[in-house]
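Chemist: For reference, the structure I am asking about is given below.
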Amino acid sequence: MTGTQLAPSELRDPAPERPQPAAAGQLRSLSRAMLRSFFRDKTSLFFTFLFPLMFLVVFGLVFRSDGASTTSLGVVGNGPVISALPDEVVDAVTYDSAEAAVAAVEAGDLPGALVEQGGEVTLYFAASDQVQAGTVQQIVSSVVNGANLAATGRPPAIAFTTEQVESDQFTPIQFLAPGILSWGVATSAAFGAALTLVAWRKRQVLRRLRLSPAPVWTIVGARVGVSLLVALMQAALFLGVALLPAFGLDLAGQWWLALPVLLCGTCSFLAVGLLVGAVAKTEESASAIANFVVLPMAFLSGTFFDLSAAPAWMQAASKALPLGWMNDGITDVLVRGEGLGAVWLPCLVLLGFAVVVGAAATRLFRWESD
């Protein structure tokens, strides 16, 4: 009995089922989808890239100065003290009478008024503004001491000189830019993660992702990778604008060491956003909670002003907040020119914060709405 001969191809094993995409391919696909979603959202683009630049423009142009700022001071009369007021520090406003000068101080038009008559000098100041009051008192006290010393005809027993430790190119923008950059990146990471998580849960995107063959780590990895990429783009755009002559930012030699601090800070605030998104049920509540967490940090961490003259409790709070470490680390290497030694501790603290908050977010995470 002769049978039909089988072709060699028919003897082979049946064709295997089409394999599922590898995890790396799933990670790339999720990352591309998240990036496309991000760039299609005009509101996200505005608050991520343009909103920090608005603060840079406002603060950078307001505080940009080619010389020392002057303090306005009302003056009445004429004598050695008023004549010795330094023009580079004091903007003297002349009044005909002491009553008119004092009235200007009481109205808040001037921080102080100096009246010199018959060898007697009186300074009137408004205690409501302690900073300005202290400034005018120090200026007048210094001038009076110098006039008294000159009247004795003797050389000073102790010579006093001042010298700036930083370069003469250091302007307010040098210290404003790192803080605003840190705050912009932190805000974008926290709000982006929180609002995305809540929106995906409401639209059941998280449920579909959970039922898909994509491992959970690829979803998390895509979110982290997109956040880090956006942070780098933010930094590039922000520094590119800050380096323009209109603002005059001057980068230190090892400025690139700020990148690890920037990325570690992004991870910290991404964890904050995930925690907010885990507990919030609506996008409105997520936005409110994120604002409640991030906005106070901006003021307690010295984003918009120097903390060296702040109360001790505020300086201590800055060391307990991730934005404070992010500000200090980026400032140290971006404008102060410090090296690797100034980077490792902020990075370690920021990563530790990210791990702790990320663990809390994992415990509270929900794939579906209640």
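Order determines the names: the first chain of the structure tokens is A, the second B, and so forth; residues in each chain are numbered 1 upward, and ligands are numbered 1 upward as they are shown.
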Using only C-alpha atoms, which protein or nucleic acid residues come within 12 Å of Ala242 in chain A? Drop anything in the same chain fewer than 2 positions from it, and give the result as an mmCIF file with N, CA, C and O atoms, in the first residue's frame.

Modeler:
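Listed below is the output, around_4.cif:
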data_model
loop_
_atom_site.group_PDB
_atom_site.id
_atom_site.type_symbol
_atom_site.label_atom_id
_atom_site.label_comp_id
_atom_site.auth_asym_id
_atom_site.auth_seq_id
_atom_site.Cartn_x
_atom_site.Cartn_y
_atom_site.Cartn_z
ATOM 1 N N PRO A 52 7.077 78.665 34.471
ATOM 2 C CA PRO A 52 8.333 79.026 35.149
ATOM 3 C C PRO A 52 9.065 80.182 34.468
ATOM 4 O O PRO A 52 9.709 80.995 35.133
ATOM 5 N N LEU A 53 8.958 80.256 33.129
ATOM 6 C CA LEU A 53 9.617 81.352 32.427
ATOM 7 C C LEU A 53 8.991 82.701 32.777
ATOM 8 O O LEU A 53 9.682 83.725 32.783
ATOM 9 N N MET A 54 7.688 82.713 33.068
ATOM 10 C CA MET A 54 7.049 83.958 33.486
ATOM 11 C C MET A 54 7.662 84.469 34.779
ATOM 12 O O MET A 54 7.924 85.669 34.931
ATOM 13 N N PHE A 55 7.928 83.566 35.728
ATOM 14 C CA PHE A 55 8.561 83.974 36.974
ATOM 15 C C PHE A 55 10.004 84.432 36.729
ATOM 16 O O PHE A 55 10.488 85.364 37.371
ATOM 17 N N LEU A 56 10.688 83.759 35.809
ATOM 18 C CA LEU A 56 12.045 84.182 35.472
ATOM 19 C C LEU A 56 12.044 85.591 34.902
ATOM 20 O O LEU A 56 12.889 86.425 35.270
ATOM 21 N N VAL A 57 11.108 85.873 34.004
ATOM 22 C CA VAL A 57 11.029 87.211 33.397
ATOM 23 C C VAL A 57 10.720 88.262 34.456
ATOM 24 O O VAL A 57 11.376 89.308 34.536
ATOM 25 N N VAL A 58 9.727 87.979 35.314
ATOM 26 C CA VAL A 58 9.332 88.962 36.325
ATOM 27 C C VAL A 58 10.466 89.226 37.308
ATOM 28 O O VAL A 58 10.908 90.367 37.493
ATOM 29 N N PHE A 59 10.963 88.176 37.942
ATOM 30 C CA PHE A 59 11.997 88.361 38.959
ATOM 31 C C PHE A 59 13.335 88.736 38.331
ATOM 32 O O PHE A 59 14.087 89.540 38.895
ATOM 33 N N GLY A 60 13.639 88.135 37.178
ATOM 34 C CA GLY A 60 14.930 88.434 36.548
ATOM 35 C C GLY A 60 15.062 89.873 36.113
ATOM 36 O O GLY A 60 16.107 90.497 36.290
ATOM 37 N N LEU A 61 13.995 90.433 35.541
ATOM 38 C CA LEU A 61 14.065 91.821 35.085
ATOM 39 C C LEU A 61 13.909 92.806 36.233
ATOM 40 O O LEU A 61 14.519 93.879 36.230
ATOM 41 N N ARG A 64 17.268 92.557 38.218
ATOM 42 C CA ARG A 64 18.505 92.743 37.456
ATOM 43 C C ARG A 64 19.011 94.155 37.683
ATOM 44 O O ARG A 64 18.294 95.133 37.550
ATOM 45 N N ILE A 173 20.089 87.362 39.664
ATOM 46 C CA ILE A 173 19.618 86.271 38.816
ATOM 47 C C ILE A 173 20.398 84.990 39.084
ATOM 48 O O ILE A 173 19.881 83.883 38.886
ATOM 49 N N GLN A 174 21.641 85.099 39.560
ATOM 50 C CA GLN A 174 22.448 83.918 39.843
ATOM 51 C C GLN A 174 21.805 83.037 40.904
ATOM 52 O O GLN A 174 21.968 81.817 40.883
ATOM 53 N N PHE A 175 21.118 83.646 41.843
ATOM 54 C CA PHE A 175 20.504 82.877 42.919
ATOM 55 C C PHE A 175 19.006 82.691 42.712
ATOM 56 O O PHE A 175 18.407 81.793 43.290
ATOM 57 N N LEU A 176 18.390 83.518 41.885
ATOM 58 C CA LEU A 176 16.969 83.340 41.591
ATOM 59 C C LEU A 176 16.734 82.193 40.618
ATOM 60 O O LEU A 176 15.789 81.416 40.776
ATOM 61 N N ALA A 177 17.590 82.076 39.612
ATOM 62 C CA ALA A 177 17.371 81.081 38.558
ATOM 63 C C ALA A 177 17.338 79.647 39.081
ATOM 64 O O ALA A 177 16.425 78.884 38.726
ATOM 65 N N PRO A 178 18.294 79.199 39.914
ATOM 66 C CA PRO A 178 18.224 77.807 40.388
ATOM 67 C C PRO A 178 16.957 77.508 41.173
ATOM 68 O O PRO A 178 16.364 76.429 41.022
ATOM 69 N N ILE A 180 13.944 79.016 40.963
ATOM 70 C CA ILE A 180 12.770 78.990 40.082
ATOM 71 C C ILE A 180 12.786 77.737 39.213
ATOM 72 O O ILE A 180 11.743 77.113 38.968
ATOM 73 N N LEU A 181 13.968 77.331 38.747
ATOM 74 C CA LEU A 181 14.072 76.105 37.949
ATOM 75 C C LEU A 181 13.651 74.894 38.781
ATOM 76 O O LEU A 181 12.883 74.043 38.312
ATOM 77 N N ALA A 235 14.651 72.164 31.835
ATOM 78 C CA ALA A 235 15.918 72.770 32.233
ATOM 79 C C ALA A 235 16.631 73.396 31.038
ATOM 80 O O ALA A 235 17.189 74.498 31.142
ATOM 81 N N ALA A 236 16.620 72.694 29.908
ATOM 82 C CA ALA A 236 17.295 73.219 28.716
ATOM 83 C C ALA A 236 16.656 74.531 28.261
ATOM 84 O O ALA A 236 17.360 75.505 27.960
ATOM 85 N N LEU A 237 15.327 74.569 28.220
ATOM 86 C CA LEU A 237 14.640 75.787 27.792
ATOM 87 C C LEU A 237 14.847 76.910 28.799
ATOM 88 O O LEU A 237 15.135 78.051 28.426
ATOM 89 N N PHE A 238 14.712 76.594 30.074
ATOM 90 C CA PHE A 238 14.834 77.609 31.123
ATOM 91 C C PHE A 238 16.230 78.217 31.138
ATOM 92 O O PHE A 238 16.391 79.449 31.155
ATOM 93 N N LEU A 239 17.254 77.382 31.126
ATOM 94 C CA LEU A 239 18.623 77.895 31.164
ATOM 95 C C LEU A 239 18.963 78.630 29.870
ATOM 96 O O LEU A 239 19.708 79.617 29.891
ATOM 97 N N GLY A 240 18.430 78.155 28.754
ATOM 98 C CA GLY A 240 18.671 78.852 27.493
ATOM 99 C C GLY A 240 18.145 80.277 27.524
ATOM 100 O O GLY A 240 18.802 81.205 27.025
ATOM 101 N N LEU A 244 20.346 84.456 28.224
ATOM 102 C CA LEU A 244 20.259 85.604 27.316
ATOM 103 C C LEU A 244 20.773 86.871 28.002
ATOM 104 O O LEU A 244 20.675 87.001 29.233
ATOM 105 N N PRO A 245 21.314 87.817 27.242
ATOM 106 C CA PRO A 245 21.845 89.052 27.855
ATOM 107 C C PRO A 245 20.812 89.813 28.680
ATOM 108 O O PRO A 245 21.175 90.516 29.620
ATOM 109 N N ALA A 246 19.532 89.665 28.358
ATOM 110 C CA ALA A 246 18.505 90.380 29.114
ATOM 111 C C ALA A 246 18.465 89.953 30.570
ATOM 112 O O ALA A 246 18.072 90.723 31.455
ATOM 113 N N PHE A 247 18.877 88.695 30.854
ATOM 114 C CA PHE A 247 18.864 88.190 32.224
ATOM 115 C C PHE A 247 20.270 88.027 32.783
ATOM 116 O O PHE A 247 20.506 88.271 33.963
ATOM 117 N N GLY A 248 21.200 87.570 31.961
ATOM 118 C CA GLY A 248 22.601 87.567 32.357
ATOM 119 C C GLY A 248 23.036 86.471 33.296
ATOM 120 O O GLY A 248 23.954 86.668 34.098
ATOM 121 N N LEU A 249 22.408 85.283 33.236
ATOM 122 C CA LEU A 249 22.857 84.171 34.070
ATOM 123 C C LEU A 249 24.246 83.729 33.626
ATOM 124 O O LEU A 249 24.510 83.586 32.433
ATOM 125 N N ASP A 250 25.129 83.495 34.582
ATOM 126 C CA ASP A 250 26.500 83.080 34.296
ATOM 127 C C ASP A 250 26.721 81.718 34.950
ATOM 128 O O ASP A 250 26.728 81.608 36.175
ATOM 129 N N LEU A 251 26.884 80.657 34.143
ATOM 130 C CA LEU A 251 27.037 79.312 34.674
ATOM 131 C C LEU A 251 28.461 79.077 35.156
ATOM 132 O O LEU A 251 29.422 79.568 34.563
#

Chemist: From a backbone DSSP assignment, name each residue in range 24-246 of chain A labelled alpha helix (DSSP H), as a PyMOL selection string.

Modeler: chain A and resi 24-40+42-45+51-63+80-83+98-106+130-152+172-202+205-211+216-242

Chemist: When you draw a straight line from CA of Ser301 in chain A to CA of Gly324 in chain A, how long is it in Å?

Modeler: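 It comes out at 4.4 Å.
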
Chemist: Out of range 83-274 of chain A, which residues get strand (DSSP E) from DSSP, as number ranges by chain?

Modeler: A: 90-94, 112-117, 120-125
